[in-house]
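Structure below is start-v4.tsv: TSV, C-alpha atoms.
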chain	number	residue	atom	x	y	z
A	4	MET	CA	19.83	15.55	-8.60
A	5	ARG	CA	18.33	13.54	-5.73
A	6	LEU	CA	14.83	14.75	-6.59
A	7	PHE	CA	15.38	13.87	-10.24
A	8	ARG	CA	16.43	10.33	-9.27
A	9	GLU	CA	13.34	9.95	-7.09
A	10	TYR	CA	11.17	11.16	-9.95
A	11	CYS	CA	12.68	8.62	-12.36
A	12	VAL	CA	12.39	5.75	-9.87
A	13	SER	CA	8.72	6.58	-9.22
A	14	ALA	CA	7.99	6.66	-12.94
A	15	LEU	CA	9.65	3.24	-13.37
A	16	ILE	CA	7.59	1.83	-10.49
A	17	LEU	CA	4.39	3.05	-12.14
A	18	MET	CA	5.31	1.45	-15.46
A	19	GLY	CA	6.12	-1.80	-13.71
A	20	LEU	CA	2.81	-1.80	-11.87
A	21	ALA	CA	0.79	-0.85	-14.92
A	22	PHE	CA	2.35	-3.23	-17.42
A	23	GLY	CA	3.68	-6.00	-15.21
A	24	PRO	CA	2.01	-9.43	-15.06
A	25	GLY	CA	-1.26	-9.90	-13.24
A	26	PRO	CA	-1.92	-12.69	-10.77
A	27	GLY	CA	-0.88	-16.15	-11.90
A	28	ASP	CA	1.08	-17.26	-14.95
A	29	LEU	CA	-1.84	-18.13	-17.23
A	30	GLN	CA	-2.55	-16.30	-20.42
A	31	GLY	CA	-5.48	-13.86	-20.25
A	32	GLN	CA	-8.49	-14.69	-22.38
A	33	SER	CA	-11.80	-13.20	-23.33
A	34	LEU	CA	-15.15	-14.43	-22.04
A	35	SER	CA	-16.00	-16.12	-25.33
A	36	GLU	CA	-12.63	-17.91	-25.40
A	37	ALA	CA	-13.10	-19.20	-21.87
A	38	ALA	CA	-16.70	-20.21	-22.59
A	39	SER	CA	-15.75	-22.22	-25.69
A	40	SER	CA	-14.86	-25.07	-23.32
A	41	CYS	CA	-18.47	-25.14	-22.09
A	42	ALA	CA	-19.72	-26.41	-25.45
A	43	SER	CA	-18.20	-29.86	-24.83
A	44	LEU	CA	-20.17	-30.50	-21.63
A	45	ALA	CA	-22.73	-33.28	-21.39
A	46	SER	CA	-26.10	-31.51	-21.35
A	47	PRO	CA	-27.54	-28.14	-22.45
A	48	SER	CA	-28.23	-27.27	-18.80
A	49	GLN	CA	-24.64	-27.93	-17.77
A	50	GLN	CA	-23.43	-25.83	-20.71
A	51	ALA	CA	-25.77	-23.01	-19.70
A	52	TRP	CA	-24.57	-23.05	-16.08
A	53	CYS	CA	-20.95	-23.08	-17.24
A	54	GLU	CA	-21.43	-19.97	-19.38
A	55	TRP	CA	-23.50	-18.33	-16.63
A	56	ALA	CA	-20.72	-18.96	-14.07
A	57	LEU	CA	-18.15	-17.32	-16.36
A	58	LEU	CA	-20.49	-14.34	-16.83
A	59	GLY	CA	-20.64	-14.14	-13.05
A	60	VAL	CA	-16.85	-14.04	-12.73
A	61	GLN	CA	-16.62	-11.20	-15.25
A	62	ALA	CA	-19.45	-9.25	-13.58
A	63	ALA	CA	-17.92	-9.76	-10.12
A	64	GLN	CA	-14.54	-8.55	-11.40
A	65	GLY	CA	-16.16	-5.34	-12.59
A	66	ALA	CA	-18.24	-4.78	-9.45
A	67	VAL	CA	-15.39	-5.37	-6.99
A	68	GLY	CA	-12.88	-3.54	-9.20
A	69	LEU	CA	-15.05	-0.43	-9.29
A	70	ALA	CA	-15.62	-0.62	-5.53
A	71	VAL	CA	-11.88	-0.61	-4.76
A	72	SER	CA	-11.00	2.13	-7.26
A	73	GLY	CA	-13.85	4.67	-7.52
A	74	GLY	CA	-13.21	7.90	-9.39
A	75	THR	CA	-10.34	10.25	-8.64
A	76	ASP	CA	-7.34	8.82	-6.78
A	77	LEU	CA	-6.94	12.00	-4.67
A	78	PRO	CA	-10.41	12.96	-3.38
A	79	GLY	CA	-11.55	16.48	-4.18
A	80	SER	CA	-8.55	17.64	-6.22
A	81	ALA	CA	-7.42	17.79	-9.83
A	82	SER	CA	-3.94	19.06	-8.85
A	83	THR	CA	-1.08	17.26	-7.18
A	84	LEU	CA	-0.28	18.12	-3.55
A	85	GLY	CA	3.17	19.52	-4.31
A	86	TRP	CA	5.28	21.23	-1.64
A	87	ARG	CA	4.48	23.75	1.11
A	88	THR	CA	7.90	25.38	0.80
A	89	LYS	CA	10.98	24.43	-1.18
A	90	GLY	CA	12.05	20.92	-0.20
A	91	SER	CA	9.15	20.45	2.24
A	92	PRO	CA	6.44	18.13	0.81
A	93	ARG	CA	2.75	18.24	1.56
A	94	TYR	CA	0.99	15.20	3.00
A	95	GLY	CA	-2.64	14.17	2.67
A	96	ILE	CA	-4.70	11.60	4.58
A	97	SER	CA	-8.07	10.67	3.07
A	98	LEU	CA	-11.07	8.71	4.31
A	99	ARG	CA	-13.67	7.89	1.67
A	100	GLY	CA	-16.96	6.01	1.73
A	101	LEU	CA	-18.10	4.67	-1.63
A	102	LEU	CA	-21.18	2.81	-2.88
A	103	VAL	CA	-21.31	0.86	-6.15
A	104	SER	CA	-24.43	-0.44	-7.85
A	105	ALA	CA	-23.53	-3.09	-10.43
A	106	PRO	CA	-25.42	-5.80	-12.37
A	107	MET	CA	-24.77	-9.41	-11.34
A	108	PRO	CA	-26.25	-12.67	-12.66
A	109	SER	CA	-28.21	-14.47	-9.96
A	110	PRO	CA	-29.24	-18.12	-10.07
A	111	ASN	CA	-32.90	-19.13	-10.01
A	112	GLY	CA	-32.39	-21.51	-7.09
A	113	THR	CA	-31.72	-24.97	-8.52
A	114	GLU	CA	-33.59	-24.45	-11.80
A	115	LEU	CA	-32.05	-26.19	-14.82
A	116	SER	CA	-31.25	-22.95	-16.66
A	117	PRO	CA	-30.15	-19.72	-14.94
A	118	SER	CA	-31.77	-16.56	-16.26
A	119	ASP	CA	-32.22	-14.09	-13.40
A	120	ASP	CA	-30.21	-11.02	-12.46
A	121	VAL	CA	-29.83	-8.66	-9.49
A	122	SER	CA	-28.46	-5.20	-8.87
A	123	ALA	CA	-25.60	-5.74	-6.42
A	124	GLU	CA	-24.89	-2.94	-3.94
A	125	LEU	CA	-21.28	-2.87	-2.72
A	126	PRO	CA	-20.36	-0.32	-0.01
A	127	ALA	CA	-16.64	0.28	0.50
A	128	VAL	CA	-14.33	2.24	2.80
A	129	HIS	CA	-11.04	3.66	1.48
A	130	ILE	CA	-8.13	4.96	3.56
A	131	SER	CA	-5.18	6.50	1.73
A	132	GLY	CA	-2.04	8.49	2.37
A	133	THR	CA	-0.45	10.77	-0.24
A	134	VAL	CA	2.86	12.64	-0.28
A	135	GLY	CA	4.03	15.29	-2.74
A	136	VAL	CA	7.40	14.00	-3.97
A	137	PHE	CA	8.21	16.63	-6.60
A	138	ASP	CA	6.80	20.14	-6.95
A	139	GLY	CA	7.16	20.32	-10.72
A	140	PHE	CA	8.34	23.15	-12.93
A	141	PHE	CA	7.11	26.71	-13.34
A	142	VAL	CA	6.97	27.74	-16.99
A	143	GLY	CA	5.21	31.08	-16.48
A	144	PRO	CA	3.95	33.50	-13.80
A	145	THR	CA	0.76	31.48	-13.19
A	146	VAL	CA	1.74	28.23	-14.90
A	147	GLY	CA	3.25	25.80	-12.41
A	148	GLY	CA	3.20	22.21	-11.24
A	149	VAL	CA	4.23	20.90	-14.65
A	150	GLY	CA	5.59	17.40	-14.12
A	151	SER	CA	4.89	17.41	-10.38
A	152	LEU	CA	4.56	14.01	-8.71
A	153	ASP	CA	2.57	12.49	-5.84
A	154	LEU	CA	2.86	8.99	-4.41
A	155	THR	CA	-0.16	7.29	-2.79
A	156	LEU	CA	-0.71	4.11	-0.77
A	157	SER	CA	-4.22	2.95	0.05
A	158	GLY	CA	-6.28	0.22	1.63
A	159	GLN	CA	-9.90	-0.66	0.84
A	160	TRP	CA	-12.57	-2.77	2.52
A	161	VAL	CA	-15.58	-3.90	0.49
A	162	ARG	CA	-18.78	-5.36	1.89
A	163	THR	CA	-20.15	-7.79	-0.69
A	164	PRO	CA	-23.85	-8.82	-0.90
A	165	GLY	CA	-24.70	-12.44	-0.28
A	166	ASP	CA	-27.86	-12.25	-2.41
A	167	ALA	CA	-25.64	-11.59	-5.42
A	168	GLY	CA	-23.64	-14.76	-4.78
A	169	PHE	CA	-20.64	-13.42	-2.84
A	170	ASN	CA	-19.50	-15.49	0.13
A	171	GLU	CA	-17.15	-13.11	1.99
A	172	ASN	CA	-16.20	-9.46	2.37
A	173	LEU	CA	-12.95	-8.28	0.81
A	174	TRP	CA	-9.78	-6.35	1.58
A	175	SER	CA	-7.69	-4.61	-1.05
A	176	TRP	CA	-4.31	-2.84	-1.06
A	177	GLY	CA	-2.68	-0.67	-3.66
A	178	GLY	CA	-0.39	2.13	-4.65
A	179	GLY	CA	0.20	4.54	-7.49
A	180	VAL	CA	1.49	7.86	-8.72
A	181	ARG	CA	-0.10	11.09	-9.87
A	182	VAL	CA	1.63	13.37	-12.39
A	183	GLY	CA	0.66	17.02	-12.61
A	184	ILE	CA	0.08	18.62	-16.00
A	185	LEU	CA	-0.98	22.00	-14.55
A	186	ARG	CA	-1.46	23.17	-10.97
A	187	GLU	CA	-4.63	25.13	-10.39
A	188	SER	CA	-4.10	28.88	-10.23
A	189	PHE	CA	-6.24	32.02	-10.38
A	190	SER	CA	-6.50	31.79	-14.17
A	191	LEU	CA	-5.87	28.11	-14.96
A	192	PRO	CA	-7.51	24.81	-13.95
A	193	GLY	CA	-5.67	21.94	-12.34
A	194	ILE	CA	-4.98	18.96	-14.61
A	195	SER	CA	-3.38	15.66	-13.63
A	196	LEU	CA	-2.89	12.08	-14.81
A	197	SER	CA	-2.57	9.10	-12.50
A	198	GLY	CA	-1.93	5.38	-12.53
A	199	PHE	CA	-2.82	2.95	-9.76
A	200	TYR	CA	-2.49	-0.77	-9.11
A	201	ARG	CA	-4.63	-2.62	-6.53
A	202	THR	CA	-4.76	-6.26	-5.59
A	203	VAL	CA	-7.74	-8.05	-4.05
A	204	GLY	CA	-7.73	-11.36	-2.18
A	205	SER	CA	-9.41	-14.53	-3.35
A	206	THR	CA	-13.16	-14.31	-3.85
A	207	SER	CA	-15.72	-17.12	-4.01
A	208	LEU	CA	-19.17	-17.05	-5.62
A	209	TRP	CA	-22.25	-19.26	-4.99
A	210	GLY	CA	-21.38	-22.83	-3.90
A	211	ARG	CA	-22.65	-26.28	-4.65
A	212	GLN	CA	-23.04	-26.89	-0.91
A	213	ASN	CA	-25.80	-24.24	-1.05
A	214	GLY	CA	-27.73	-26.10	-3.72
A	215	PHE	CA	-26.31	-24.32	-6.79
A	216	PRO	CA	-24.97	-26.41	-9.69
A	217	ALA	CA	-22.04	-23.99	-10.13
A	218	GLU	CA	-19.40	-22.30	-8.02
A	219	SER	CA	-16.28	-20.27	-8.75
A	220	ASP	CA	-13.21	-18.78	-7.12
A	221	PHE	CA	-11.07	-15.99	-8.49
A	222	ASP	CA	-8.49	-13.44	-7.45
A	223	LEU	CA	-8.32	-9.94	-8.88
A	224	ALA	CA	-5.85	-7.23	-9.80
A	225	VAL	CA	-7.10	-3.79	-10.89
A	226	THR	CA	-4.98	-1.45	-13.02
A	227	SER	CA	-6.43	2.06	-13.20
A	228	PHE	CA	-5.58	5.22	-15.13
A	229	ARG	CA	-7.27	8.58	-14.56
A	230	GLY	CA	-7.30	12.01	-16.14
A	231	VAL	CA	-8.83	14.83	-14.06
A	232	ILE	CA	-9.45	18.54	-14.64
A	233	GLY	CA	-10.82	20.90	-11.99
A	234	LYS	CA	-11.23	24.51	-10.91
A	235	ASP	CA	-12.40	26.36	-7.81
A	236	LEU	CA	-15.42	28.57	-8.60
A	237	TRP	CA	-17.37	30.68	-6.09
A	238	GLY	CA	-15.75	28.90	-3.15
A	239	ILE	CA	-16.59	25.39	-4.42
A	240	GLY	CA	-14.13	23.17	-6.23
A	241	PHE	CA	-15.47	21.33	-9.27
A	242	LEU	CA	-13.78	18.50	-11.15
A	243	ALA	CA	-14.48	16.16	-14.02
A	244	GLY	CA	-12.58	13.06	-14.93
A	245	THR	CA	-12.39	10.01	-17.10
A	246	GLY	CA	-10.42	6.82	-16.77
A	247	TRP	CA	-9.70	3.33	-17.97
A	248	GLU	CA	-9.53	0.15	-15.92
A	249	ARG	CA	-8.33	-3.39	-16.48
A	250	TYR	CA	-9.54	-6.27	-14.32
A	251	SER	CA	-7.51	-9.47	-14.41
A	252	GLY	CA	-7.57	-12.60	-12.29
A	253	VAL	CA	-7.15	-16.34	-12.26
A	254	PHE	CA	-10.49	-18.17	-11.99
A	255	ASP	CA	-11.59	-21.70	-11.13
A	256	VAL	CA	-15.14	-22.71	-12.09
A	257	ALA	CA	-16.81	-26.02	-11.17
A	258	VAL	CA	-20.16	-27.04	-12.69
A	259	ASP	CA	-22.41	-30.03	-11.95
A	260	ASP	CA	-24.86	-31.42	-14.48
A	261	PRO	CA	-28.41	-30.70	-13.25
A	262	GLU	CA	-29.79	-33.30	-15.68
A	263	GLY	CA	-27.49	-36.05	-14.42
A	264	MET	CA	-26.13	-36.88	-17.87
A	265	GLY	CA	-22.47	-36.08	-17.10
A	266	ASN	CA	-19.93	-35.66	-14.36
A	267	SER	CA	-18.86	-32.43	-12.69
A	268	ALA	CA	-16.64	-30.29	-14.90
A	269	GLY	CA	-14.04	-27.68	-14.05
A	270	LEU	CA	-12.43	-24.78	-15.88
A	271	VAL	CA	-9.26	-22.91	-14.85
A	272	GLY	CA	-7.92	-19.85	-16.63
A	273	GLU	CA	-7.26	-16.13	-16.45
A	274	MET	CA	-9.94	-13.68	-17.56
A	275	ASP	CA	-9.12	-10.06	-18.48
A	276	SER	CA	-11.71	-7.32	-18.95
A	277	ASP	CA	-11.34	-3.58	-19.43
A	278	ARG	CA	-13.61	-0.55	-19.71
A	279	PRO	CA	-13.69	3.26	-19.42
A	280	LEU	CA	-15.41	5.23	-16.68
A	281	PHE	CA	-16.54	8.84	-16.15
A	282	PHE	CA	-17.14	10.93	-13.04
A	283	LEU	CA	-17.90	14.41	-11.68
A	284	GLY	CA	-17.07	15.84	-8.27
A	285	ALA	CA	-17.36	18.87	-5.99
A	286	SER	CA	-15.56	19.91	-2.82
A	287	MET	CA	-15.39	22.56	-0.09
A	288	THR	CA	-12.22	23.34	1.85
A	289	PHE	CA	-12.10	24.52	5.48
A	290	LEU	CA	-8.46	25.45	6.18
A	291	ALA	CA	-6.64	22.07	6.12
A	292	LEU	CA	-9.81	19.93	5.99
A	293	GLN	CA	-11.71	19.24	2.80
A	294	LEU	CA	-15.14	17.65	2.27
A	295	SER	CA	-15.79	16.26	-1.20
A	296	GLY	CA	-18.22	14.12	-3.13
A	297	GLU	CA	-18.25	12.45	-6.52
A	298	ALA	CA	-20.55	10.41	-8.73
A	299	GLY	CA	-19.85	8.44	-11.87
A	300	TRP	CA	-20.67	5.51	-14.08
A	301	ALA	CA	-18.95	2.81	-16.11
A	302	PRO	CA	-20.32	0.86	-19.09
A	303	GLY	CA	-20.71	-2.89	-18.85
A	304	PHE	CA	-19.03	-5.63	-20.85
A	305	GLU	CA	-20.08	-6.76	-24.29
A	306	SER	CA	-20.70	-10.49	-24.67
A	307	ASP	CA	-21.06	-12.63	-27.76
A	308	LEU	CA	-22.42	-15.65	-25.88
A	309	PRO	CA	-25.82	-16.72	-27.28
A	310	ARG	CA	-27.23	-17.47	-23.83
A	311	ALA	CA	-25.94	-14.12	-22.56
A	312	ARG	CA	-28.08	-12.43	-25.21
A	313	ASN	CA	-31.14	-14.52	-24.47
A	314	ALA	CA	-31.00	-14.48	-20.67
A	315	ASP	CA	-32.47	-11.77	-18.48
A	316	PHE	CA	-28.99	-10.75	-17.33
A	317	ASP	CA	-27.44	-8.06	-19.52
A	318	PRO	CA	-23.63	-7.97	-19.10
A	319	SER	CA	-23.46	-4.65	-20.96
A	320	ALA	CA	-25.60	-2.82	-18.36
A	321	LYS	CA	-23.97	0.21	-16.70
A	322	SER	CA	-22.57	0.34	-13.16
A	323	PHE	CA	-22.91	3.47	-11.02
A	324	PHE	CA	-20.98	4.76	-8.04
A	325	GLY	CA	-21.03	7.64	-5.58
A	326	ALA	CA	-18.65	8.67	-2.81
A	327	LEU	CA	-18.14	11.09	0.07
A	328	ALA	CA	-14.65	11.84	1.40
A	329	LEU	CA	-12.75	13.77	4.03
A	330	ARG	CA	-9.15	14.80	3.35
A	331	LEU	CA	-6.70	16.39	5.77
A	332	THR	CA	-3.73	18.13	4.11
A	333	PHE	CA	-0.72	19.35	6.03
Rewrite the structure from the file as structure tokens, please.
Amino acid sequence: MRLFREYCVSALILMGLAFGPGPGDLQGQSLSEAASSCASLASPSQQAWCEWALLGVQAAQGAVGLAVSGGTDLPGSASTLGWRTKGSPRYGISLRGLLVSAPMPSPNGTELSPSDDVSAELPAVHISGTVGVFDGFFVGPTVGGVGSLDLTLSGQWVRTPGDAGFNENLWSWGGGVRVGILRESFSLPGISLSGFYRTVGSTSLWGRQNGFPAESDFDLAVTSFRGVIGKDLWGIGFLAGTGWERYSGVFDVAVDDPEGMGNSAGLVGEMDSDRPLFFLGASMTFLALQLSGEAGWAPGFESDLPRARNADFDPSAKSFFGALALRLTF
């Protein structure tokens, strides 16, 4: 009965994290809805910088969000940890290094109209701890782990590139649950589903003190869901996964008029973006220590802004990531 209560409480926590409100109390809006306010600005250049700054917020959300989440939530495994013996949970400690390559709009110095772009490289370090809360049910001789449950807490540090407009490195914290569909056995693969919620501190981009007509600040919350399948073959574990992510955060954009026709303008709101992602991984286990790697990609964001279509920056361009991890299980 106690285990059943813990299982129910964990499931409720996951639903609260996944569907609860993001940062701030403002209503989420699309990029085009936020950019509609730019049309009322004084000059075409100020309008262009306003839309460009909003594109930058959306791109930065995606780049940072991917850097703090990566692919699988439990490196090198498609199964939950489960228990060692009845009533004795397994524990896992993971250290992962991850690198994300993502498109970012980059200003052309103090030119009147921004049109350049860069490929931002964001290295990140993840530390996480996982505990097997529930071992699941056995429904056949080799069919086990059905409904098993892991809980994970993690911290992430992301080094952001200054040439892409970021002004500081970032810390992130999060937690989530992993539910087993099947535990890997001699004849069956491991299959699991997971949900995770991470929060990132305030982030600033560009800065008028550096000569740019635009600057922005935003905070970020990342809601992630993953589905993973994997099997050990010839002494090497292989996995494949897909997922969905939502990035949400309150933003504050300030834009000067490079042509001097109007005053500085500001926009405040909450921007939400979401996208799928896909990844592959492989691992080798040496007793209690496992070495694993993964690589994946995520599509960009579609934009219906006219200047977004005409500028060099393509918001729909893909982002890529790769990771190496060590996991100790005991």
- Task: Find, counting only C-alpha atoms, the residue in A:Gly168, A:Arg229, A:Leu223, A:Ile194 that gets nearest to Gly210 (chain A).
- Result: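 Comparing A:Gly168, A:Arg229, A:Leu223, A:Ile194 against Gly210 (chain A), the winner is A:Gly168.
Distance annotation: of A:Gly165, A:Gly135, A:Pro261, A:Gly100, the residue with the minimal separation from Ser207 (chain A) is A:Gly165; atom set is only C-alpha atoms.
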- Query: Residues at most 6 Å from Ile184 (chain A), counting only C-alpha atoms, excluding those fewer than 4 positions away in the same chain, as a ChimeraX atom specification?
  - Reply: /A:149-150,194-195
- Item | A:Thr163, A:Gly79, A:Pro318, A:Ser175 ranked by distance to Asp120 (chain A), top pick (using all atoms listed in the file) |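 The closest residue to Asp120 (chain A) is A:Pro318.
A straight line drawn from CA of Trp160 (chain A) to CA of Leu101 (chain A) is 10.2 Å long.
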Where does region 292-333 of chain A meet region 237-245 of chain A within 10 Å, residue by residue, with the nearest atom pair and distance in Å to one decimal for each, counting only C-alpha atoms, listed by chain and rising number, as JSON lines?
{"residue": "A:Ser295", "atom": "CA", "partner": "A:Gly240", "partner_atom": "CA", "distance": 8.7}
{"residue": "A:Gly296", "atom": "CA", "partner": "A:Phe241", "partner_atom": "CA", "distance": 9.9}
{"residue": "A:Glu297", "atom": "CA", "partner": "A:Leu242", "partner_atom": "CA", "distance": 8.8}
{"residue": "A:Ala298", "atom": "CA", "partner": "A:Ala243", "partner_atom": "CA", "distance": 9.9}
{"residue": "A:Gly299", "atom": "CA", "partner": "A:Gly244", "partner_atom": "CA", "distance": 9.1}
{"residue": "A:Trp300", "atom": "CA", "partner": "A:Thr245", "partner_atom": "CA", "distance": 9.9}
{"residue": "A:Ala301", "atom": "CA", "partner": "A:Thr245", "partner_atom": "CA", "distance": 9.8}
Write out, as a compact mmCIF listing (two decimals), in the coordinates of the input, the residues just selected, with C-alpha atoms.
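The resulting file, part.txt, is reproduced below:
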# COMPACT_ATOMS: atom_id res chain seq x y z
CA SER A 295 -15.79 16.26 -1.20
CA GLY A 296 -18.22 14.12 -3.13
CA GLU A 297 -18.25 12.45 -6.52
CA ALA A 298 -20.55 10.41 -8.73
CA GLY A 299 -19.85 8.44 -11.87
CA TRP A 300 -20.67 5.51 -14.08
CA ALA A 301 -18.95 2.81 -16.11
- Query: What is the CA of Gly272 (chain A) to CA of Gly214 (chain A) distance in Å?
  - Reply: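 Separating CA of Gly272 (chain A) from CA of Gly214 (chain A) is a distance of 24.5 Å.
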- Item | Pick from A:Thr155, A:Ser91, A:Ser122, A:Asn266 nearest to Asp138 (chain A), counting only C-alpha atoms | A:Ser91
Within 7 Å of file point (0.4, 12.3, -0.5), counting all atoms listed in the file, expressed as a short mmCIF file (atom, residue, chain, number, x, y, z; two decimals) with C-alpha atoms, in the frame of the given file:
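result_11.cif, freshly written:
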data_model
loop_
_atom_site.label_atom_id
_atom_site.label_comp_id
_atom_site.auth_asym_id
_atom_site.auth_seq_id
_atom_site.Cartn_x
_atom_site.Cartn_y
_atom_site.Cartn_z
CA LEU A 84 -0.28 18.12 -3.55
CA ARG A 93 2.75 18.24 1.56
CA TYR A 94 0.99 15.20 3.00
CA GLY A 95 -2.64 14.17 2.67
CA GLY A 132 -2.04 8.49 2.37
CA THR A 133 -0.45 10.77 -0.24
CA VAL A 134 2.86 12.64 -0.28
CA GLY A 135 4.03 15.29 -2.74
CA ASP A 153 2.57 12.49 -5.84
CA LEU A 154 2.86 8.99 -4.41
CA THR A 155 -0.16 7.29 -2.79
#
Will you give me region 231-246 of chain A, written with N, CA and C atoms and laid out as an mmCIF file, in the first residue's frame?
data_model
loop_
_atom_site.group_PDB
_atom_site.id
_atom_site.type_symbol
_atom_site.label_atom_id
_atom_site.label_comp_id
_atom_site.auth_asym_id
_atom_site.auth_seq_id
_atom_site.Cartn_x
_atom_site.Cartn_y
_atom_site.Cartn_z
ATOM 1 N N VAL A 231 11.650 6.127 -25.240
ATOM 2 C CA VAL A 231 12.931 5.496 -25.581
ATOM 3 C C VAL A 231 12.739 3.987 -25.680
ATOM 4 N N ILE A 232 13.389 3.381 -26.673
ATOM 5 C CA ILE A 232 13.420 1.928 -26.811
ATOM 6 C C ILE A 232 14.877 1.516 -27.009
ATOM 7 N N GLY A 233 15.295 0.411 -26.372
ATOM 8 C CA GLY A 233 16.687 0.005 -26.480
ATOM 9 C C GLY A 233 16.888 -1.470 -26.201
ATOM 10 N N LYS A 234 18.021 -1.996 -26.687
ATOM 11 C CA LYS A 234 18.333 -3.411 -26.512
ATOM 12 C C LYS A 234 19.849 -3.589 -26.546
ATOM 13 N N ASP A 235 20.337 -4.499 -25.702
ATOM 14 C CA ASP A 235 21.746 -4.841 -25.688
ATOM 15 C C ASP A 235 22.009 -5.900 -26.758
ATOM 16 N N LEU A 236 22.951 -5.603 -27.675
ATOM 17 C CA LEU A 236 23.292 -6.521 -28.757
ATOM 18 C C LEU A 236 24.809 -6.626 -28.846
ATOM 19 N N TRP A 237 25.330 -7.846 -28.792
ATOM 20 C CA TRP A 237 26.757 -8.107 -28.940
ATOM 21 C C TRP A 237 27.599 -7.313 -27.932
ATOM 22 N N GLY A 238 27.065 -7.162 -26.725
ATOM 23 C CA GLY A 238 27.802 -6.478 -25.668
ATOM 24 C C GLY A 238 27.705 -4.965 -25.695
ATOM 25 N N ILE A 239 26.973 -4.411 -26.647
ATOM 26 C CA ILE A 239 26.785 -2.960 -26.739
ATOM 27 C C ILE A 239 25.292 -2.662 -26.655
ATOM 28 N N GLY A 240 24.931 -1.710 -25.828
ATOM 29 C CA GLY A 240 23.536 -1.308 -25.719
ATOM 30 C C GLY A 240 23.209 -0.223 -26.736
ATOM 31 N N PHE A 241 22.126 -0.421 -27.471
ATOM 32 C CA PHE A 241 21.688 0.562 -28.455
ATOM 33 C C PHE A 241 20.313 1.083 -28.044
ATOM 34 N N LEU A 242 20.071 2.369 -28.295
ATOM 35 C CA LEU A 242 18.757 2.934 -28.013
ATOM 36 C C LEU A 242 18.402 3.966 -29.071
ATOM 37 N N ALA A 243 17.118 4.171 -29.206
ATOM 38 C CA ALA A 243 16.579 5.200 -30.087
ATOM 39 C C ALA A 243 15.430 5.867 -29.366
ATOM 40 N N GLY A 244 15.295 7.155 -29.564
ATOM 41 C CA GLY A 244 14.244 7.860 -28.848
ATOM 42 C C GLY A 244 13.711 9.047 -29.616
ATOM 43 N N THR A 245 12.560 9.492 -29.195
ATOM 44 C CA THR A 245 11.957 10.698 -29.725
ATOM 45 C C THR A 245 11.347 11.455 -28.560
ATOM 46 N N GLY A 246 11.075 12.713 -28.760
ATOM 47 C CA GLY A 246 10.536 13.497 -27.663
ATOM 48 C C GLY A 246 9.841 14.748 -28.157
#
